[in-house]
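**Student:** I am attaching a structure below and will ask some questions about it afterwards.
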Amino acid sequence: MSLEQFKDRNVGTQNYTMLDLGESPKTGWGKFKQVAKRSVKLELFTGLKVTFREMIKALFMGEMHTTKYPFEKLPIAPRYRAIHEMKRLLESGHYRCIGCGLCEKICIADCIRMDTRYDENQRKEVSEYTINFGRCIFCGYCAEVCPELAIVHGGRYENASEQRASFALFEDMLTPLDQLTQQKEYPGFGAVSPDADKKIKKTPLAY
Amino acid sequence: MSETRRMPETVTLTIDGKGVTVPWGTTILQAARQNGIYIPTMCYLSKVEPIGSCRMCVVEVEGVDGMILSCQEKAVDGAVIRTNSEELFHERQKIMELYDVNHPLECGVCDKSGECDLQNKTLEFAVDTQHFAARDQHRPVKNWGFISYDPSLCVMCEKCVRTCAEIIGDDALAIETGGYKSTIVNTRDLSDCAQCGECMAVCPVGALVSTDFKYTSNAWELDRIPASCAHCSAGCQMEYNVKPSSIDNPEPRIYRVTNDFEFSSLCGAGRFGYDFENRQAKKDPQILKEAAEAFAKAETIRFSSVISNEEALLLSRIAERTGARLVCDEARGYQKFLRAYRQASGRSLPGADLESVRRSRVILTLGTRLYDDAPMVKFAVATASRREKAQVIYCHPMEDLRLQKQVTQFIKYEAGSEEGVAALLATTLVDRTQAPEELGRFLEDLDIGYLSAESNVSEEELDRLKLTLWKSKRFTLIVGEDLYNHPRVENIARILAAIERHSDFELLVIPPASNSLGVSLICDLADEAQGYTVGVNAPGDYVLSALGDGDCDLPAMNQQEGTLVNLEGRVVPTHPALPYGGWELADIARELGIGVREIVDLTPELPAEEGFRAVSFDELPDYFDVTGAEHRGYLLERRSGEGDGALPEEPEELESYDGTILYRCNPGKQFSPFTAKTHQLREEAKLLGSAQFATAARIQDGDRVRFVQDGIEYEREFRIDTSMKGTVAINPVFDIGLRGFAISSYRFSPAKLTKAGSADE
């Protein structure tokens with residue numbers, strides 16, 4: 001389909017169906033007569049009937065069409081990029097982040113910062129991690145570059161808060177330990193492709 | 001080499017179709033690099049002899065079967081060389097594949113990631129599959145003090161081992177061979193290894209890393225500020241690696257120090273002693289006024305050698321205006337030495353530099369505890385000892401066992417007899433057939449028997465020294481701090497000038513402290529402080545201190561820009577790595593009515609008659625080129641004239657030191673309160689002596705003793721150092737703050753110890 005069709009503004013030559021709305025009254029008397037006629041004929045209730053029917057369906061028959069927003073939320077698309085989440089390892093419950101600093105490096109809004117240190121177990125420990133959500137443009141690069149699938153985008157899209165820092169720290173983004181079993185993988189940027197197993201080249205082992 | 005077959009001076013060869021001409025003796029790899037042609041290497045390190053463990057540098061030579069190691073093969077005339085072909089690429093790819101066998105995939109956390117040779121070359125040769133395998137070994141991480149070693153990351157390139165042996169001369173590292181199980185081992189006790197961190201600097205992977213720096217930052221996050229180390233007079237090239245302190249604190253902090261390890265080296269103090277900055281300084285107008293008033297009424301300005309040339313020049317301008325006298329206790333004796341030397345020899349500076357030390361066959365040191373006073377000179381001596389099989393004659397009242405690998409003859413003399421020793425050396429070294437008659441007569445007239453009896457240097461020792469010199473070449477005489485505060489410093493300088501002039505020896509004079517050479521050239525120093533004294537990093541009635549403990553703050557050397565003169569007579573630039581919030585000397589000078597905007601505006605105004613050039617600070621280069629030639633700042637112009645050839649005087653009757661003696665000397669990694677302040681080098685100062693000293697002084701290991709040296713009262717713990725001998729104990733001064741900068745007495749002094757507490761208490 002070419003763009004030409006959309007650029008054509010000549011309504012008359014196209015396949016539009018015109019509604020027969022009759023003639024609009026032109027004089028004042030004519031307008032008054034129309035109002036009076038519609039009022040007396042109780043045309044109003046024809047429309048209200050639909051409302052009442054839907055109300056009864058919604059209230060008593062369980063066919064509610066709206067959500068009570070702050071209390072209820074619609075599920076969002078799985079690849080939607082909202083506030084980040086930090087995932088944990090399912091086996092040990094330890095956070096997945098290894099502190100490699102790639103998200104910090106790739107971030108084009110320069111909003112990620114991390115402090116790392118050498119911990120008692122001779123591992124690199126992330127001692128502090130923040131994302132400045134006032135700067136974040138939710139591009140998803142951090143999730144894409146993360147080699148450990150540790151930082152991903154979650155579904156939390158409400159960015160209003162008393163202060164931005166209240167959801168910018170590592171602990172705020174980290175899956176709570178008691179909800180570890182409910183932790184879901186993120187299917188968006190950076191996730192493992194469904195045929196990843198087939199793509200892996202095995203390293204020879206001598207034993 | 002026989003004289004019959006003369007070697008051509010240059011050779012011309014073709015590398016990748018490009019005709020190149022290089023000096024004879026250049027390797028193919030060097031020839032390629034000098035002409036901008038890339039040959040990949042893993043183990044090649046410019047400052048040591050080719051290692052040849054990686055075989056990455058293979059090239060094809062037309063008419064020669066197989067591949068040639070370009071790092072070891074000398075370029076020959078007319079050779080046609082190809083550095084790249086499908087076979088070569090395949091060969092190199094296989095080598096990289098072998099390097100990658102079992103290499104832990106921990107680039108994500110590895111400190112080296114981003115500047116790792118293995119990472120770069122693995123990507124460069126597109127290693128995406130692994131055809132080799134080996135049973136992995138249990139390789140626990142080892143901690144060697146400042147350095148930790150992770151054997152599983154090690155690629156066995158041997159750079160560290162070679163650097164330690166050839167550059168540092170410690171031979172602390174060795175390879176424990178065992179095929180795939182091979183590892184690097186530290187053969188030395190930690191206290192015995194110089195802990196210079198050079199092995200860590202040259203490591204191409206993350207196997208050797210700084211324990212303190214480990215896992216705190218990625219390489220790419222750090223800003224690199226080029227600087228010169230101001231801890232000692234070597235003024236080594238280095239870079240401060242700077243990054244914000246933490247998420248909460250955006251103030252920059254120095255995370256580590258790196259250097260251009262291909263061509264230069266650093267000692268432990270330079271590498272690990274970097275956070276001596278003065279953080280708390282604020283700009284308080286009241287303090288500026290007070291400081292200016294103090295300068296205005298000062299009769300003496302006393303300062304330390306830890307000062308840039310520009311600041312020294314500014315101080316001398318302030319002194320000119322206010323009529324104050326300048327005192328630099330560290331540099332005063334050195335200036336006397338230098339002036340007497342100049343007058344006698346006609347040369348503006350002694351002739352030797354570190355490169356000439358490295359190439360020497362005979363090295364004689366006098367009046368310096370080399371290992372502690374000047375690590376870079378010690379490194380150069382070690383290199384000479386290794387490469388040139390140099391004979392090293394170490395003349396000092398104390399033997400230093402840490403140098404036993406290098407020193408071939410130790411000449412022990414009595415403390416205080418330096419003048420006599422210098423005269424005795426003159427009788428041995430000076431070529432009488434060439435020397436003028438008066439000098440010959442002077443040497444003839446010396447009472448050698450008396451001198452050798454007083455200084456305890458026997459004639460047999462001198463005869464042995466004379467034998468060493470026989471038929472050898474390239475001689476260097478290194479002298480140090482012990483001489484400068486000797487009461488007869490001027491005569492010693494004249495004797496040494498005569499030796500340099502009338503023998504094959506070149507003289508290397510180690511300045512006593514950081515920028516003592518610059519200070520001696522720029523300022524006219526007075527002997528004694530008098531009246532109201534302003535101390536610039538030195539004690540006084542009004543004290544300006546970069547340690548943050550004075551009446552007014554000053555920026556530390558890592559917070560200011562300026563130039564330093566190092567022991568080679570090179571004017572090197574240094575840049576500020578950290579911000580400074582307080583007043584600088586330039587602000588105070590402005591308050592006094594001296595028009596100077598920035599301190600580095602004075603760089604072109606440094607005295608031209610002393611060899612400084614009128615080059616602005618921003619135009620000073622600061623790099624090593626691909627051949628390793630140093631382009632840092634500029635060398636002072638050396639003048640050589642006739643000199644008055646003034647004859648040395650007869651050595652005076654020697655002051656004798658009986659019984660126990662104290663020697664003022666900071667240990668290896670400490671030079672001043674600035675190194676003592678840094679978090680990695682912090683240590684307790686102890687009086688170190690031999691068991692013999694302990695017996696003579698009637699004290700025991702672990703006792704607390706009180707004593708007075710250089711007019712300063714000390715109370716220190718005494719420790720027996722089993723590597724020491726004799727009745728001389730070492731007293732460090734790095735922990736006494738600014739007072740350490742105001743010592744100008746002779747380094748040896750009689751010890752009068754009183755016990756303050758014993759080990760048992």
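Convention: chains lettered A, B, ... in structure tokens order; per-chain residue numbering from 1; ligands numbered from 1 as shown.
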Distance limit 12 Å, atoms considered: only C-alpha atoms. Which chain A residues sit that close to chain B? Return them as a PyMOL selection string.
**Tutor:** chain A and resi 97-106+111-119+121-132+145-148+169+200-207
**Student:** Just the helix (DSSP H, G or I) stuff from stretch 654-711 of chain B, please, per backbone DSSP, written as number ranges by chain.
**Tutor:** B: 673-677, 691-697
**Student:** For stretch 149-154 of chain B, work out the shell of residues within 8 Å, counting only C-alpha atoms and skipping chain neighbours fewer than 6 positions away, then give it as a PyMOL selection string.
**Tutor:** chain B and resi 103-104+139-143+183-184+205-209
**Student:** Give me the residues near B:Ala172 as a list in words, where near means some atom within 8 Å (using only C-alpha atoms) and where sequence neighbours in that chain fewer than 6 positions away do not count.
**Tutor:**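 Once the adjacent positions are removed, what remains is Val161, Cys164, Ala165, Asn186, Thr187, Arg188 and Cys193 of chain B.
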**Student:** Skipping near chain neighbours, those fewer than 4 positions away, what residues fall within 9 Å of stretch 134-141 of chain A using only C-alpha atoms, listed as a ChimeraX atom specification?
**Tutor:** /A:81-84,103,106-112,145-146,152-153,164,188-190
**Student:** Please produce a file of the residues just selected, as a tab-separated table (two decimals), in the first residue's frame, where the atoms kept are C-alpha atoms.
**Tutor:**
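out.tsv written:
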chain	number	residue	atom	x	y	z
A	81	ARG	CA	10.57	-0.85	30.01
A	82	ALA	CA	9.69	0.57	33.39
A	83	ILE	CA	11.58	0.94	36.67
A	84	HIS	CA	14.49	-1.48	36.87
A	103	CYS	CA	25.54	-0.84	32.73
A	106	ILE	CA	26.80	1.95	28.52
A	107	CYS	CA	24.20	4.22	30.13
A	108	ILE	CA	23.67	7.08	27.70
A	109	ALA	CA	21.89	9.19	30.28
A	110	ASP	CA	24.80	8.62	32.68
A	111	CYS	CA	22.42	7.84	35.51
A	112	ILE	CA	23.86	4.60	36.91
A	145	VAL	CA	24.37	-5.25	28.21
A	146	CYS	CA	24.09	-7.02	31.55
A	152	VAL	CA	16.22	-5.87	33.97
A	153	HIS	CA	13.22	-3.67	33.42
A	164	ARG	CA	13.16	10.01	43.52
A	188	GLY	CA	12.80	-8.15	26.91
A	189	PHE	CA	16.16	-6.81	25.72
A	190	GLY	CA	19.08	-8.81	26.92
**Student:** Enter the distance from atom CA of B:Ala556 to atom CA of B:Arg597, in Å, rounded to one decimal.
**Tutor:** 19.1 Å
**Student:** At a cut-off of 12 Å, using only C-alpha atoms, what residues contact B:Glu481? Leave out same-chain residues fewer than 5 positions from it and give the result as a compact mmCIF listing (two decimals) with C-alpha atoms, in the first residue's frame.
**Tutor:**
# COMPACT_ATOMS: atom_id res chain seq x y z
CA SER B 233 64.80 13.32 43.79
CA GLU B 330 67.75 19.83 53.39
CA ALA B 331 69.35 21.55 50.43
CA ARG B 332 71.87 23.82 52.09
CA GLY B 333 74.76 21.36 52.33
CA TYR B 334 73.95 20.11 48.86
CA GLN B 335 74.12 23.64 47.47
CA PHE B 337 78.63 20.81 47.54
CA THR B 365 78.99 4.42 45.55
CA LEU B 366 80.10 6.67 48.35
CA GLY B 367 78.16 8.14 51.23
CA THR B 368 74.71 6.89 50.47
CA ARG B 369 72.55 4.09 51.76
CA LEU B 370 71.47 3.54 48.20
CA ASP B 372 66.72 3.66 50.99
CA ASP B 373 67.98 7.01 49.70
CA ALA B 374 67.37 6.61 45.99
CA HIS B 396 79.58 3.01 53.44
CA GLU B 418 84.12 10.56 54.20
CA HIS B 486 79.78 16.76 56.37
CA VAL B 489 81.67 19.18 52.22
CA LEU B 508 76.19 11.03 39.73
CA VAL B 509 75.23 13.22 42.66
CA ILE B 510 72.01 12.16 44.36
CA PRO B 511 70.18 15.20 45.71
CA PRO B 512 69.24 14.72 49.36
CA ALA B 513 65.49 15.30 48.94
CA SER B 516 66.85 19.90 46.36
CA TYR B 663 72.37 7.09 61.34
CA ARG B 664 69.49 9.23 60.14
CA CYS B 665 67.77 7.31 57.37
CA SER B 744 70.79 20.05 58.49
CA SER B 745 73.29 18.19 60.61
CA TYR B 746 75.58 15.36 59.62
CA ARG B 747 73.76 12.06 59.23
CA PHE B 748 75.81 10.13 61.74
**Student:** Could you please determine the separation between atom CA of B:Thr322 and atom CA of B:Ser305 in Å, to one decimal place?
**Tutor:**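 These two atoms are separated by 21.4 Å.
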**Student:** Atom CA of B:Gly63 and atom CA of B:His90 are how many Å apart?
**Tutor:**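 Atom CA of B:Gly63 sits 20.6 Å away from atom CA of B:His90.
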**Student:** Please identify the strand (DSSP E) residues within stretch 36-186 of chain A (assignment by DSSP from backbone atoms) and present them as an mmCIF file with C-alpha atoms, in the first residue's frame.
**Tutor:**
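The resulting file, states32.cif, is shown below:
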data_model
loop_
_atom_site.group_PDB
_atom_site.id
_atom_site.type_symbol
_atom_site.label_atom_id
_atom_site.label_comp_id
_atom_site.auth_asym_id
_atom_site.auth_seq_id
_atom_site.Cartn_x
_atom_site.Cartn_y
_atom_site.Cartn_z
ATOM 1 C CA HIS A 84 14.490 -1.480 36.866
ATOM 2 C CA GLU A 85 14.580 -4.618 38.908
ATOM 3 C CA MET A 86 17.649 -6.375 40.237
ATOM 4 C CA ILE A 112 23.857 4.600 36.906
ATOM 5 C CA ARG A 113 26.550 4.630 39.571
ATOM 6 C CA MET A 114 28.043 1.790 41.525
ATOM 7 C CA ASP A 115 30.654 1.336 44.211
ATOM 8 C CA THR A 116 32.392 -1.979 44.476
ATOM 9 C CA ARG A 117 34.880 -3.469 46.874
ATOM 10 C CA TYR A 118 36.840 -6.612 47.654
ATOM 11 C CA LYS A 124 33.759 -8.348 44.060
ATOM 12 C CA GLU A 125 30.944 -6.964 46.123
ATOM 13 C CA VAL A 126 28.588 -4.212 45.056
ATOM 14 C CA SER A 127 28.623 -2.002 48.085
ATOM 15 C CA GLU A 128 26.320 0.644 46.634
ATOM 16 C CA TYR A 129 24.282 0.932 43.476
ATOM 17 C CA THR A 130 22.001 3.733 42.391
ATOM 18 C CA ILE A 131 20.040 4.776 39.341
ATOM 19 C CA ILE A 151 19.467 -5.722 35.930
ATOM 20 C CA VAL A 152 16.223 -5.870 33.969
ATOM 21 C CA HIS A 153 13.217 -3.673 33.418
#
**Student:** Could you list, as a PyMOL selection string, every residue within 6 Å of stretch 694-702 of chain B, counting only C-alpha atoms and ignoring same-chain residues fewer than 2 positions away?
**Tutor:** chain B and resi 691-692+717-720+759
**Student:** Would you mind exporting C-alpha atoms of the selected residues as a PDB file, in the first residue's frame?
**Tutor:**
ATOM      1  CA  ALA B 691      72.470  -7.426  67.839  1.00  0.00           C
ATOM      2  CA  GLN B 692      75.936  -5.976  68.318  1.00  0.00           C
ATOM      3  CA  GLU B 717      60.865   1.114  70.058  1.00  0.00           C
ATOM      4  CA  PHE B 718      64.189  -0.570  69.365  1.00  0.00           C
ATOM      5  CA  ARG B 719      64.201  -3.572  67.065  1.00  0.00           C
ATOM      6  CA  ILE B 720      67.053  -5.866  66.189  1.00  0.00           C
ATOM      7  CA  ALA B 759      60.179  -5.381  76.213  1.00  0.00           C
TER       8      ALA B 759
END
